[in-house]
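Participant: This is the content of structure-v5.txt (compact mmCIF, C-alpha atoms and all ligand atoms):
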```txt
# COMPACT_ATOMS: atom_id res chain seq x y z
CA MET A 1 30.38 -16.53 -24.39
CA PRO A 2 26.70 -15.88 -23.50
CA VAL A 3 25.75 -16.96 -20.00
CA THR A 4 23.15 -19.72 -19.94
CA ILE A 5 20.77 -21.05 -17.31
CA SER A 6 19.92 -24.72 -17.57
CA ASN A 7 16.24 -25.35 -18.37
CA PRO A 8 14.92 -22.34 -16.45
CA THR A 9 11.34 -21.93 -15.29
CA LEU A 10 9.76 -18.49 -15.16
CA VAL A 11 7.73 -17.93 -11.99
CA LEU A 12 5.15 -15.14 -12.14
CA ASN A 13 3.19 -13.63 -9.29
CA CYS A 14 0.69 -11.21 -10.86
CA GLY A 15 -1.03 -8.84 -8.43
CA SER A 16 -3.62 -6.19 -9.20
CA SER A 17 -0.97 -3.55 -10.03
CA SER A 18 2.30 -5.49 -9.88
CA ILE A 19 4.11 -8.52 -11.30
CA LYS A 20 6.86 -10.22 -9.35
CA TYR A 21 8.99 -12.56 -11.43
CA ALA A 22 11.88 -14.98 -11.06
CA LEU A 23 13.65 -17.07 -13.66
CA ILE A 24 15.04 -20.10 -11.84
CA SER A 25 17.43 -22.75 -13.14
CA ALA A 26 16.34 -26.39 -12.80
CA ASP A 27 18.96 -26.98 -10.07
CA ASN A 28 17.90 -23.77 -8.19
CA GLN A 29 21.48 -22.47 -8.34
CA VAL A 30 20.87 -19.49 -10.63
CA ARG A 31 18.13 -16.89 -10.48
CA ILE A 32 17.13 -13.67 -12.24
CA THR A 33 14.47 -11.63 -10.45
CA GLY A 34 12.43 -8.49 -10.87
CA LEU A 35 9.32 -6.56 -10.09
CA ALA A 36 6.95 -4.53 -12.26
CA GLU A 37 5.10 -1.99 -10.15
CA ASN A 38 2.38 0.67 -10.39
CA LEU A 39 0.92 -0.97 -13.49
CA GLY A 40 -1.68 1.20 -15.22
CA LEU A 41 -0.22 4.39 -13.71
CA ASP A 42 2.17 7.01 -15.11
CA THR A 43 4.76 5.75 -12.66
CA ALA A 44 4.70 2.14 -13.97
CA HIS A 45 8.21 0.69 -14.10
CA ILE A 46 10.17 -2.56 -13.95
CA LYS A 47 13.03 -3.17 -11.52
CA HIS A 48 15.18 -5.91 -13.01
CA LYS A 49 18.11 -7.70 -11.40
CA GLY A 50 20.24 -9.52 -13.97
CA LEU A 51 22.40 -12.61 -13.71
CA ASP A 52 25.46 -10.62 -12.67
CA GLY A 53 23.45 -8.87 -9.93
CA ASN A 54 23.29 -5.66 -11.97
CA LYS A 55 20.09 -3.72 -11.44
CA GLN A 56 18.21 -1.73 -14.04
CA GLU A 57 14.99 0.26 -13.90
CA ILE A 58 12.81 0.40 -16.99
CA ASN A 59 10.13 3.05 -17.34
CA ILE A 60 6.86 1.75 -18.82
CA ALA A 61 4.63 4.77 -18.02
CA GLY A 62 0.95 3.80 -18.20
CA GLY A 63 1.92 0.19 -19.00
CA SER A 64 -0.60 -2.62 -18.48
CA HIS A 65 0.06 -6.20 -17.33
CA LYS A 66 0.40 -7.17 -20.97
CA LEU A 67 3.00 -4.52 -21.78
CA ALA A 68 4.95 -5.30 -18.61
CA LEU A 69 4.98 -9.01 -19.48
CA GLN A 70 6.11 -8.25 -23.03
CA LYS A 71 9.08 -6.35 -21.58
CA ILE A 72 9.82 -8.99 -18.95
CA LEU A 73 9.73 -11.81 -21.53
CA ALA A 74 11.97 -9.78 -23.84
CA LEU A 75 14.47 -9.29 -20.99
CA LEU A 76 14.51 -13.03 -20.36
CA GLU A 77 14.18 -14.31 -23.93
CA GLN A 78 17.88 -15.13 -24.35
CA TYR A 79 17.69 -17.62 -21.45
CA GLN A 80 14.83 -19.54 -23.11
CA PRO A 81 12.45 -20.42 -20.28
CA ILE A 82 10.96 -23.88 -20.78
CA ALA A 83 7.79 -23.21 -18.78
CA VAL A 84 5.90 -20.57 -16.82
CA GLY A 85 4.53 -21.21 -13.33
CA HIS A 86 1.91 -18.79 -12.05
CA ARG A 87 1.16 -18.26 -8.41
CA VAL A 88 -2.62 -18.22 -8.25
CA VAL A 89 -4.25 -17.30 -4.98
CA HIS A 90 -7.49 -19.28 -5.07
CA GLY A 91 -8.01 -22.74 -6.53
CA GLY A 92 -11.40 -23.37 -4.90
CA ARG A 93 -12.12 -26.99 -4.10
CA GLU A 94 -11.39 -28.42 -7.54
CA PHE A 95 -7.61 -28.01 -7.45
CA SER A 96 -5.55 -29.93 -4.93
CA GLU A 97 -2.30 -29.67 -6.91
CA ALA A 98 -0.57 -27.63 -9.59
CA VAL A 99 -2.10 -28.10 -13.04
CA LYS A 100 -1.20 -27.27 -16.62
CA VAL A 101 -3.17 -24.34 -17.99
CA THR A 102 -5.99 -25.38 -20.32
CA PRO A 103 -9.01 -23.30 -21.40
CA HIS A 104 -11.00 -25.00 -18.60
CA VAL A 105 -8.37 -24.18 -15.96
CA LEU A 106 -8.24 -20.56 -17.08
CA GLU A 107 -12.05 -20.33 -16.89
CA GLU A 108 -11.95 -21.72 -13.35
CA VAL A 109 -9.26 -19.24 -12.27
CA LYS A 110 -11.53 -16.46 -13.57
CA ARG A 111 -14.69 -17.90 -12.04
CA LEU A 112 -13.04 -18.05 -8.60
CA LYS A 113 -12.99 -14.27 -8.67
CA ILE A 114 -16.18 -14.64 -6.60
CA ILE A 115 -14.05 -15.68 -3.62
CA ALA A 116 -10.75 -13.92 -4.48
CA PRO A 117 -11.85 -10.67 -6.18
CA LEU A 118 -8.52 -8.86 -5.81
CA HIS A 119 -6.19 -11.65 -6.85
CA ASN A 120 -7.60 -14.20 -9.28
CA PRO A 121 -8.45 -11.68 -12.07
CA ALA A 122 -4.84 -10.40 -12.03
CA ASN A 123 -3.55 -13.99 -12.13
CA ALA A 124 -5.79 -14.69 -15.15
CA LEU A 125 -4.49 -11.55 -16.90
CA GLY A 126 -0.94 -12.86 -16.52
CA ILE A 127 -1.83 -16.25 -18.02
CA GLU A 128 -3.58 -14.62 -20.99
CA ALA A 129 -0.75 -12.17 -21.60
CA VAL A 130 1.89 -14.94 -21.71
CA ASN A 131 -0.38 -16.98 -23.96
CA ALA A 132 -0.77 -14.06 -26.37
CA ILE A 133 3.00 -13.58 -26.64
CA TYR A 134 4.23 -17.20 -26.48
CA PRO A 135 1.28 -19.50 -27.27
CA ASP A 136 3.54 -22.58 -27.29
CA LEU A 137 5.16 -22.01 -23.90
CA PRO A 138 3.58 -24.44 -21.40
CA GLN A 139 2.02 -22.71 -18.40
CA VAL A 140 1.11 -24.13 -15.01
CA VAL A 141 -0.95 -22.68 -12.18
CA VAL A 142 0.19 -23.30 -8.63
CA PHE A 143 -2.56 -22.48 -6.15
CA ASP A 144 -2.01 -20.95 -2.72
CA THR A 145 -4.95 -23.01 -1.51
CA ALA A 146 -3.96 -26.38 -3.01
CA PHE A 147 -1.61 -27.60 -0.27
CA HIS A 148 -4.41 -27.28 2.30
CA GLN A 149 -6.82 -29.48 0.31
CA THR A 150 -5.74 -32.40 2.52
CA MET A 151 -7.50 -30.84 5.53
CA PRO A 152 -10.24 -33.08 6.90
CA ALA A 153 -13.86 -31.84 6.81
CA LYS A 154 -13.86 -31.19 10.56
CA ALA A 155 -11.15 -28.56 9.92
CA TYR A 156 -12.39 -27.03 6.69
CA ARG A 157 -16.13 -26.79 7.28
CA TYR A 158 -17.73 -23.79 8.97
CA ALA A 159 -20.50 -24.56 11.44
CA ILE A 160 -23.11 -22.96 9.19
CA PRO A 161 -25.95 -24.56 7.14
CA LYS A 162 -24.81 -27.44 4.92
CA ALA A 163 -26.41 -25.99 1.80
CA LEU A 164 -23.91 -23.13 1.83
CA TYR A 165 -21.13 -25.68 1.50
CA ASP A 166 -22.92 -27.92 -1.00
CA GLU A 167 -24.17 -25.17 -3.28
CA GLU A 168 -21.87 -22.21 -2.72
CA ARG A 169 -18.56 -23.89 -1.72
CA ILE A 170 -18.42 -21.88 1.48
CA ARG A 171 -15.66 -23.55 3.49
CA ARG A 172 -12.20 -22.87 4.82
CA TYR A 173 -9.48 -23.11 2.13
CA GLY A 174 -6.31 -21.71 3.70
CA PHE A 175 -3.55 -19.77 1.91
CA HIS A 176 0.26 -19.39 1.81
CA GLY A 177 0.21 -23.07 0.76
CA THR A 178 3.47 -22.97 -1.21
CA SER A 179 5.24 -21.42 1.76
CA HIS A 180 3.90 -23.92 4.32
CA ALA A 181 4.70 -26.75 1.90
CA TYR A 182 8.25 -25.53 1.30
CA ILE A 183 9.22 -24.89 4.92
CA SER A 184 7.73 -28.12 6.25
CA SER A 185 9.38 -30.24 3.57
CA ARG A 186 12.68 -28.49 4.24
CA ALA A 187 12.32 -29.22 7.97
CA ASP A 188 11.54 -32.85 7.12
CA THR A 189 14.91 -32.97 5.39
CA LEU A 190 16.85 -31.15 8.11
CA SER A 191 15.34 -32.79 11.21
CA THR A 192 16.92 -35.90 12.64
CA ALA A 193 13.73 -36.86 14.53
CA GLU A 194 12.70 -40.43 13.82
CA GLY A 195 9.49 -41.51 12.11
CA LYS A 196 6.90 -39.21 10.60
CA HIS A 197 7.13 -35.54 11.51
CA GLY A 198 4.38 -33.23 12.78
CA TRP A 199 5.05 -29.50 12.37
CA LEU A 200 3.41 -26.28 13.40
CA THR A 201 4.40 -23.75 10.75
CA ALA A 202 4.19 -19.99 11.31
CA HIS A 203 4.44 -17.86 8.17
CA LEU A 204 4.74 -14.39 9.68
CA GLY A 205 5.11 -11.62 7.11
CA ASN A 206 2.83 -8.79 6.17
CA GLY A 207 0.25 -11.55 5.83
CA CYS A 208 0.41 -14.16 8.59
CA SER A 209 -0.84 -17.72 8.79
CA ALA A 210 -0.10 -20.88 10.72
CA ALA A 211 -0.61 -24.51 9.76
CA ALA A 212 -0.47 -28.00 11.23
CA ILE A 213 1.38 -30.38 8.92
CA TYR A 214 1.85 -34.10 9.45
CA ASP A 215 3.86 -36.35 7.15
CA GLY A 216 3.88 -33.63 4.48
CA LYS A 217 0.12 -33.03 4.57
CA SER A 218 -1.73 -29.98 5.84
CA LEU A 219 -4.26 -31.00 8.47
CA ASP A 220 -5.43 -27.53 9.50
CA THR A 221 -4.54 -23.90 8.98
CA SER A 222 -5.49 -20.50 10.33
CA MET A 223 -6.79 -18.75 7.20
CA GLY A 224 -10.27 -19.51 5.93
CA ILE A 225 -12.36 -18.82 2.85
CA THR A 226 -10.40 -15.57 2.57
CA PRO A 227 -6.94 -14.64 3.88
CA LEU A 228 -8.54 -12.55 6.66
CA GLU A 229 -9.22 -15.34 9.17
CA GLY A 230 -6.73 -16.32 11.84
CA LEU A 231 -3.66 -14.48 13.09
CA MET A 232 -3.23 -10.74 13.58
CA MET A 233 -1.33 -9.39 10.53
CA GLY A 234 0.20 -6.16 9.20
CA THR A 235 -3.08 -4.50 8.25
CA ARG A 236 -5.52 -7.42 8.67
CA SER A 237 -7.39 -8.05 11.90
CA GLY A 238 -7.41 -11.84 11.80
CA ASP A 239 -10.24 -13.39 13.85
CA VAL A 240 -12.97 -11.11 15.10
CA ASP A 241 -16.40 -11.97 16.42
CA PRO A 242 -18.52 -12.50 13.27
CA GLY A 243 -21.17 -10.48 15.14
CA LEU A 244 -18.90 -7.43 14.85
CA HIS A 245 -20.18 -6.70 11.35
CA ILE A 246 -23.82 -6.32 12.37
CA HIS A 247 -22.80 -4.43 15.51
CA LEU A 248 -20.82 -1.86 13.50
CA LYS A 249 -23.64 -1.56 10.99
CA ARG A 250 -26.23 -0.97 13.73
CA THR A 251 -24.18 1.37 15.89
CA LEU A 252 -22.10 3.31 13.35
CA GLY A 253 -24.09 2.73 10.15
CA MET A 254 -21.02 1.30 8.44
CA SER A 255 -21.60 -0.55 5.15
CA LEU A 256 -20.27 -4.07 4.58
CA GLU A 257 -17.70 -2.64 2.14
CA GLU A 258 -16.47 -0.15 4.76
CA ILE A 259 -16.20 -2.90 7.36
CA ASP A 260 -14.34 -5.12 4.88
CA THR A 261 -11.85 -2.32 4.12
CA MET A 262 -11.37 -1.59 7.82
CA LEU A 263 -10.69 -5.25 8.67
CA ASN A 264 -8.36 -5.85 5.70
CA LYS A 265 -6.50 -2.57 5.36
CA GLN A 266 -6.72 -0.56 8.58
CA SER A 267 -6.42 -3.18 11.31
CA GLY A 268 -3.72 -5.55 12.61
CA LEU A 269 -0.39 -4.00 13.66
CA LEU A 270 -1.35 -0.77 11.90
CA GLY A 271 -4.76 -0.49 13.53
CA VAL A 272 -3.65 -1.28 17.09
CA SER A 273 -0.37 0.68 17.07
CA GLY A 274 -1.82 3.58 15.08
CA LEU A 275 1.66 3.81 13.55
CA SER A 276 2.53 1.27 10.90
CA ASN A 277 1.95 -2.19 9.47
CA ASP A 278 5.72 -2.67 9.45
CA MET A 279 6.94 -4.77 12.36
CA ARG A 280 10.30 -2.99 12.50
CA THR A 281 8.61 0.38 13.05
CA VAL A 282 6.27 -1.07 15.68
CA GLU A 283 9.16 -2.82 17.50
CA GLN A 284 11.19 0.37 17.54
CA ALA A 285 8.29 2.46 18.86
CA ALA A 286 7.62 -0.15 21.55
CA ASN A 287 11.28 -0.02 22.58
CA GLU A 288 10.96 3.74 22.89
CA GLY A 289 8.02 3.29 25.26
CA ASN A 290 5.01 3.80 22.97
CA GLU A 291 2.15 2.04 24.81
CA ASP A 292 0.02 1.35 21.70
CA ALA A 293 3.01 -0.20 19.94
CA LYS A 294 3.75 -2.34 23.03
CA LEU A 295 0.17 -3.59 23.06
CA ALA A 296 0.26 -4.30 19.30
CA LEU A 297 3.36 -6.47 19.81
CA GLU A 298 1.90 -8.23 22.81
CA MET A 299 -1.32 -8.99 20.94
CA PHE A 300 0.57 -10.16 17.84
CA CYS A 301 2.62 -12.66 19.88
CA TYR A 302 -0.23 -13.75 22.15
CA ARG A 303 -2.51 -14.47 19.23
CA ALA A 304 0.20 -16.29 17.26
CA GLY A 305 1.12 -18.46 20.29
CA LYS A 306 -2.53 -19.16 21.06
CA TYR A 307 -3.21 -20.19 17.47
CA LEU A 308 -0.16 -22.44 17.26
CA ALA A 309 -1.15 -24.11 20.53
CA SER A 310 -4.67 -24.73 19.26
CA LEU A 311 -3.42 -26.07 15.91
CA SER A 312 -1.39 -28.70 17.77
CA CYS A 313 -4.73 -30.45 18.33
CA ALA A 314 -4.75 -31.35 14.61
CA LEU A 315 -1.48 -33.29 14.81
CA PRO A 316 -1.09 -36.99 15.77
CA LYS A 317 2.44 -36.10 16.90
CA LEU A 318 4.27 -32.81 17.42
CA THR A 319 7.92 -32.65 16.34
CA GLY A 320 8.47 -28.91 16.36
CA ILE A 321 7.67 -25.36 15.31
CA ILE A 322 8.93 -23.62 12.17
CA PHE A 323 9.11 -19.84 11.74
CA SER A 324 9.22 -18.10 8.38
CA GLY A 325 8.21 -14.87 6.57
CA GLY A 326 9.80 -11.44 7.07
CA ILE A 327 8.98 -11.35 10.80
CA GLY A 328 9.49 -15.06 11.54
CA GLU A 329 12.84 -15.11 9.73
CA ASN A 330 14.25 -11.93 11.25
CA SER A 331 12.94 -11.17 14.71
CA ALA A 332 14.41 -13.30 17.51
CA VAL A 333 12.40 -11.25 20.04
CA ILE A 334 9.06 -12.00 18.40
CA ARG A 335 9.92 -15.71 18.09
CA ASP A 336 10.86 -15.81 21.75
CA ASN A 337 7.74 -13.95 22.86
CA ILE A 338 5.48 -16.28 20.84
CA LEU A 339 7.14 -19.33 22.39
CA GLN A 340 6.73 -17.85 25.87
CA VAL A 341 2.99 -17.72 25.23
CA MET A 342 3.15 -21.49 24.64
CA ARG A 343 4.52 -22.04 28.14
CA HIS A 344 2.93 -25.46 28.72
CA PHE A 345 4.73 -27.11 25.79
CA ASP A 346 8.08 -27.77 27.46
CA ILE A 347 9.93 -25.62 24.95
CA ARG A 348 13.52 -24.55 25.70
CA VAL A 349 15.06 -21.87 23.50
CA ASP A 350 18.81 -21.66 22.84
CA THR A 351 19.01 -17.88 23.04
CA ALA A 352 22.40 -17.55 21.37
CA LYS A 353 21.26 -19.63 18.40
CA ASN A 354 17.95 -17.76 18.21
CA ASN A 355 19.80 -14.44 18.03
CA GLU A 356 21.92 -15.68 15.13
CA LEU A 357 18.94 -16.48 12.94
CA TYR A 358 18.10 -13.50 10.74
CA ALA A 359 18.68 -12.14 7.23
CA GLY A 360 18.17 -15.42 5.40
CA ASN A 361 19.96 -17.75 7.83
CA GLU A 362 18.43 -21.19 8.16
CA GLY A 363 18.80 -23.28 11.29
CA SER A 364 17.42 -24.67 14.51
CA PHE A 365 17.39 -22.83 17.85
CA HIS A 366 16.12 -25.37 20.37
CA HIS A 367 18.10 -26.22 23.47
CA PRO A 368 19.07 -29.93 23.70
CA ASP A 369 16.55 -30.29 26.60
CA SER A 370 13.66 -28.87 24.60
CA LYS A 371 10.71 -31.20 24.04
CA LEU A 372 10.08 -29.56 20.67
CA GLU A 373 12.43 -28.71 17.82
CA LEU A 374 12.48 -25.04 16.81
CA TRP A 375 13.44 -23.94 13.31
CA VAL A 376 13.83 -20.80 11.26
CA ILE A 377 13.47 -21.64 7.58
CA PRO A 378 13.50 -18.76 5.10
CA THR A 379 10.62 -19.40 2.76
CA ASP A 380 11.22 -19.84 -0.96
CA GLU A 381 7.83 -19.78 -2.64
CA GLU A 382 9.38 -19.09 -6.06
CA TYR A 383 11.49 -22.22 -5.93
CA ARG A 384 8.55 -24.33 -4.76
CA ILE A 385 6.40 -22.95 -7.61
CA ALA A 386 9.16 -23.71 -10.14
CA GLN A 387 9.47 -27.23 -8.73
CA GLU A 388 5.70 -27.88 -8.85
CA THR A 389 5.56 -26.42 -12.37
CA ARG A 390 8.17 -28.86 -13.63
CA GLU A 391 6.45 -31.76 -11.85
CA ALA A 392 3.05 -30.86 -13.35
CA LEU A 393 4.62 -30.91 -16.82
CA GLY A 394 6.61 -34.09 -16.18
CA LEU A 395 9.89 -32.25 -16.85
P1 LIG B 1 7.12 -10.28 4.22
O1 LIG B 1 5.66 -9.98 3.91
O2 LIG B 1 7.38 -11.75 4.40
O3 LIG B 1 8.08 -9.61 3.29
O4 LIG B 1 7.40 -9.64 5.68
C1 LIG B 1 7.25 -8.27 5.92
C2 LIG B 1 7.29 -8.04 7.42
O5 LIG B 1 8.55 -8.52 7.93
C3 LIG B 1 7.18 -6.56 7.80
O6 LIG B 1 6.30 -6.41 8.90
C4 LIG B 1 8.59 -6.25 8.23
O7 LIG B 1 8.63 -5.22 9.19
C5 LIG B 1 9.02 -7.56 8.86
N1 LIG B 1 10.48 -7.61 9.04
C6 LIG B 1 11.45 -7.61 8.11
N2 LIG B 1 12.67 -7.56 8.69
C7 LIG B 1 12.46 -7.53 10.04
C8 LIG B 1 13.30 -7.47 11.20
N3 LIG B 1 14.62 -7.44 11.09
N4 LIG B 1 12.69 -7.47 12.41
C9 LIG B 1 11.35 -7.50 12.53
N5 LIG B 1 10.52 -7.55 11.48
C10 LIG B 1 11.04 -7.57 10.26
```
Translate the structure of the given file into C-alpha cells.
Ligand code: AMP
Facilitator:
Amino acid sequence: MPVTISNPTLVLNCGSSSIKYALISADNQVRITGLAENLGLDTAHIKHKGLDGNKQEINIAGGSHKLALQKILALLEQYQPIAVGHRVVHGGREFSEAVKVTPHVLEEVKRLKIIAPLHNPANALGIEAVNAIYPDLPQVVVFDTAFHQTMPAKAYRYAIPKALYDEERIRRYGFHGTSHAYISSRADTLSTAEGKHGWLTAHLGNGCSAAAIYDGKSLDTSMGITPLEGLMMGTRSGDVDPGLHIHLKRTLGMSLEEIDTMLNKQSGLLGVSGLSNDMRTVEQAANEGNEDAKLALEMFCYRAGKYLASLSCALPKLTGIIFSGGIGENSAVIRDNILQVMRHFDIRVDTAKNNELYAGNEGSFHHPDSKLELWVIPTDEEYRIAQETREALGL
C-alpha cells in the first residue's frame, strides 16, 4: 500500500544557489526533506531524504532553480502537496503576515530586491518556477520580516532624516521572524508562569539575532534594515560604528562594495578568530589555547549578553530567556557565558540541566531560585512556515 501524508504542505527556502525543501503533514508528524545545492554549476545536485529515512543524491549538472524544482516536485508528486509556503526574506513594510501569492505580491517580492539583493530575487524565482509547473497549486509567502512588524516606531526608526523613512522606507525591519515567532510561542505553551509572558529570544546560528517578545508580539529586535545589524555572527560583524565606512574609505581607499563584503563575509567569528565561522572549530581552538579564538568567543558572548540586556528595556515584564539556533541549541558553555554577562539579572543556571540540552533536546535549565526562566527550544522554521501557509489559505 502506498504511504500517504495527510494534506501536506511543501515549504521552500530558495537561496541564490540552493533550495531547501520540506514536505510536512498537517499534524507535523511526518516530514520529507531535501536540499538542492550548487545550482547553475556543474556540481548541481539534490540530496533527498525520503519518508523511510532513505537518502538519495540526484545529479542535475548545470541545473537551474526551475530544473531543480521540477525534480523536487516530481519526487514529491505522489504525496500531493495541497499548498506551497515560501520563506521570503524581505517583506518591506507592506507585509505584516503571510499572504497568498498574487501577481501584486510577486511584484512586491521582486521590487524589494532593493533592500534584499541576495535573497528576494531567488525567492521570486522559486515562486515563478512552481507557478510554471503547477499553476493551480496555491502558494503563500511567509516573510522573515513580518513577525517584527509589531515593533513600535521608537524601535524601528533610525535617528536619521524623516524623509528617508517616508520616501525610501529606510527603517529597521528585523529578520529570523519565523524562528523568533516559533520559539516564543512554544515557550508560551511550555511555561507555567502566570499572566502574559515577556521573552528575550536568542537565535544563535551562523546568523544571529535577538528579540524582545511580549504576549506573542515582537517589540524590538537586533537586526535592522539588513541582517547585518546587531549581534556578532559567523561571518557578519554585527554593529560597528557607522563612521567606520568613511574611515576605511579615507584611510585604505576601500570601496563601499569591499567594505560591505568585509562586514558580511569576512568578519564575526571568522574575522576575529582568523580560523573559521564555525563555532565548534572556534571553541576547540580556544580550548587548545588559541588567543584569537578565545577573544572571538568572549566577544561573541559579551555582545550577545549585552544585547539581550538592552532588549529587556522593550518588555513590560520579563519572564525568561530562550536560546535557539545551532549554537544556542547545542553549546551549554556559550549559553552559560552569555548568562554570566547578564550578571545583574538574578539568573541562576541549573548546570546539570544546561549540560543535557543539546542535539535537538527541548527544555528549561533554570534553577528553582532563578528570577528568570531559561529555555532551550530547537527552532522549527519549516513547521511555522507550513502552519502560516495553511492559515493564510484558510485550510
Ligand atoms: P545554524 O545556522 O543554526 O545551522 O547554526 C550553525 C552554527 O551552530 C555553527 O556555528 C555551528 O558551529 C554551531 N553549532 C552546531 N553544533 C554545535 C555544538 N555542538 N557546539 C557549538 N556550536 C555548534
Participant: Would you kindly return, as an NGL selection string, each protein, DNA or RNA residue with an atom no farther than 10 Å from any atom of segment 227-243 of chain A, considering all atoms listed in the file and excluding same-chain residues fewer than 3 positions away?
Facilitator: :A and (89 or 116 or 172-176 or 202 or 204-210 or 221-224 or 246-248 or 260-272 or 276-279 or 296 or 299-308)
Participant: Can I get the selected residues back with C-alpha atoms, as a compact mmCIF listing (two decimals), in the frame of the given file?
Facilitator:
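File produced: part39.txt:
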```
# COMPACT_ATOMS: atom_id res chain seq x y z
CA VAL A 89 -4.25 -17.30 -4.98
CA ALA A 116 -10.75 -13.92 -4.48
CA ARG A 172 -12.20 -22.87 4.82
CA TYR A 173 -9.48 -23.11 2.13
CA GLY A 174 -6.31 -21.71 3.70
CA PHE A 175 -3.55 -19.77 1.91
CA HIS A 176 0.26 -19.39 1.81
CA ALA A 202 4.19 -19.99 11.31
CA LEU A 204 4.74 -14.39 9.68
CA GLY A 205 5.11 -11.62 7.11
CA ASN A 206 2.83 -8.79 6.17
CA GLY A 207 0.25 -11.55 5.83
CA CYS A 208 0.41 -14.16 8.59
CA SER A 209 -0.84 -17.72 8.79
CA ALA A 210 -0.10 -20.88 10.72
CA THR A 221 -4.54 -23.90 8.98
CA SER A 222 -5.49 -20.50 10.33
CA MET A 223 -6.79 -18.75 7.20
CA GLY A 224 -10.27 -19.51 5.93
CA ILE A 246 -23.82 -6.32 12.37
CA HIS A 247 -22.80 -4.43 15.51
CA LEU A 248 -20.82 -1.86 13.50
CA ASP A 260 -14.34 -5.12 4.88
CA THR A 261 -11.85 -2.32 4.12
CA MET A 262 -11.37 -1.59 7.82
CA LEU A 263 -10.69 -5.25 8.67
CA ASN A 264 -8.36 -5.85 5.70
CA LYS A 265 -6.50 -2.57 5.36
CA GLN A 266 -6.72 -0.56 8.58
CA SER A 267 -6.42 -3.18 11.31
CA GLY A 268 -3.72 -5.55 12.61
CA LEU A 269 -0.39 -4.00 13.66
CA LEU A 270 -1.35 -0.77 11.90
CA GLY A 271 -4.76 -0.49 13.53
CA VAL A 272 -3.65 -1.28 17.09
CA SER A 276 2.53 1.27 10.90
CA ASN A 277 1.95 -2.19 9.47
CA ASP A 278 5.72 -2.67 9.45
CA MET A 279 6.94 -4.77 12.36
CA ALA A 296 0.26 -4.30 19.30
CA MET A 299 -1.32 -8.99 20.94
CA PHE A 300 0.57 -10.16 17.84
CA CYS A 301 2.62 -12.66 19.88
CA TYR A 302 -0.23 -13.75 22.15
CA ARG A 303 -2.51 -14.47 19.23
CA ALA A 304 0.20 -16.29 17.26
CA GLY A 305 1.12 -18.46 20.29
CA LYS A 306 -2.53 -19.16 21.06
CA TYR A 307 -3.21 -20.19 17.47
CA LEU A 308 -0.16 -22.44 17.26
```
Participant: Of the candidates A:Glu362, A:Pro368, A:Ser179, A:Glu257, which one gets nearest to ligand LIG 1 (chain B) if we count all atoms listed in the file?
Facilitator: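 Closest residue, counting all atoms listed in the file: A:Ser179.
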Participant: What is the distance, in Å and to one decimal place, between atom CA of Leu51 of chain A and atom CA of Ala26 of chain A?
Facilitator: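 Answer for the atom CA of Leu51 of chain A to atom CA of Ala26 of chain A separation: 15.1 Å.
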Participant: Quick one: pull the distance between atom CA of Arg31 of chain A and atom CA of Thr389 of chain A, Å, one decimal.
Facilitator: 15.9 Å
Participant: For Ala285 of chain A, which residue out of A:Leu297, A:Ala122, A:Val99, A:Ile160 is the nearest one, using only C-alpha atoms?
Facilitator: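 Of the candidates, the smallest distance to Ala285 of chain A is held by A:Leu297.
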Participant: Which value, in Å to one decimal, gives the distance between atom CA of Ala212 of chain A and atom CA of Asp336 of chain A?
Facilitator: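 Between atom CA of Ala212 of chain A and atom CA of Asp336 of chain A the gap works out to 19.7 Å.
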Participant: Looking at A:Val109, A:Ala155, A:Ile46, A:Ala332, which one is nearest to ligand LIG 1 (chain B), with distances taken over only C-alpha atoms and all ligand atoms?
Facilitator: A:Ala332
Participant: If we count only C-alpha atoms and set the cut-off at 10 Å, which residues sit around Asp42 of chain A, ignoring sequence neighbours fewer than 5 positions away in its own chain? Please answer as a list in words.
Facilitator: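 The residues satisfying every condition are Asn59, Ile60, Ala61, Gly62 and Gly63 of chain A.
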Participant: Report, as AutoDock Vina command-line options, the axis-aligned box around all atoms of ligand LIG 1 (chain B) present in the file, extended by 4 Å on each side; give centre and edge lengths in Å to one decimal place.
Facilitator:
```
--center_x 10.1 --center_y -8.5 --center_z 7.9 --size_x 17.0 --size_y 14.5 --size_z 17.2
```
Participant: Need the neighbours of (-3.3, -30.1, -8.1): which residues are at most 8 Å away, counting all atoms listed in the file, as JSON, numbers by chain?
Facilitator: {"A": [95, 96, 97, 98, 99, 142, 143, 146]}
Participant: Taking all atoms listed in the file into account, which of A:Glu283, A:Asp27, A:Glu77, A:Glu288 comes nearest ligand LIG 1 (chain B)?
Facilitator: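 Using all atoms listed in the file, the shortest distance to ligand LIG 1 (chain B) belongs to A:Glu283.
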Participant: Quick one: of A:Leu67, A:Val349, A:Leu244, A:Ile24, who's nearest to Gly40 of chain A, counting only C-alpha atoms?
Facilitator: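 Using only C-alpha atoms, the shortest distance to Gly40 of chain A belongs to A:Leu67.
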Participant: Just want the 9 Å neighbourhood of Leu23 of chain A, counted on all atoms listed in the file, with same-chain residues fewer than 5 positions away dropped. Output as a compact mmCIF listing (two decimals) with C-alpha atoms, in the frame of the given file.
Facilitator:
```
# COMPACT_ATOMS: atom_id res chain seq x y z
CA ILE A 5 20.77 -21.05 -17.31
CA PRO A 8 14.92 -22.34 -16.45
CA THR A 9 11.34 -21.93 -15.29
CA LEU A 10 9.76 -18.49 -15.16
CA VAL A 11 7.73 -17.93 -11.99
CA LEU A 12 5.15 -15.14 -12.14
CA VAL A 30 20.87 -19.49 -10.63
CA ARG A 31 18.13 -16.89 -10.48
CA ILE A 32 17.13 -13.67 -12.24
CA THR A 33 14.47 -11.63 -10.45
CA LEU A 76 14.51 -13.03 -20.36
CA TYR A 79 17.69 -17.62 -21.45
CA PRO A 81 12.45 -20.42 -20.28
CA GLU A 382 9.38 -19.09 -6.06
CA ALA A 386 9.16 -23.71 -10.14
```
Participant: Using all atoms listed in the file, which of A:His344, A:Lys371, A:Arg390, A:Arg280 sits nearest ligand LIG 1 (chain B)?
Facilitator: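 Using all atoms listed in the file, the shortest distance to ligand LIG 1 (chain B) belongs to A:Arg280.
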Participant: Scan for residues within 9 Å of the point (6.1, -29.4, 4.1) in the coordinates of the file, using only C-alpha atoms, and reply as number ranges by chain.
Facilitator: A: 178-188, 199, 201, 213-218
Participant: Excluding segment 123-128 of chain A and residues on its chain fewer than 2 positions from it, collect all residues at most 10 Å away from it, counting all atoms listed in the file, and give them as a PyMOL selection string.
Facilitator: chain A and resi 12-16+19+64-66+68-69+84-90+101+105-111+113+118-121+130-135+139-141
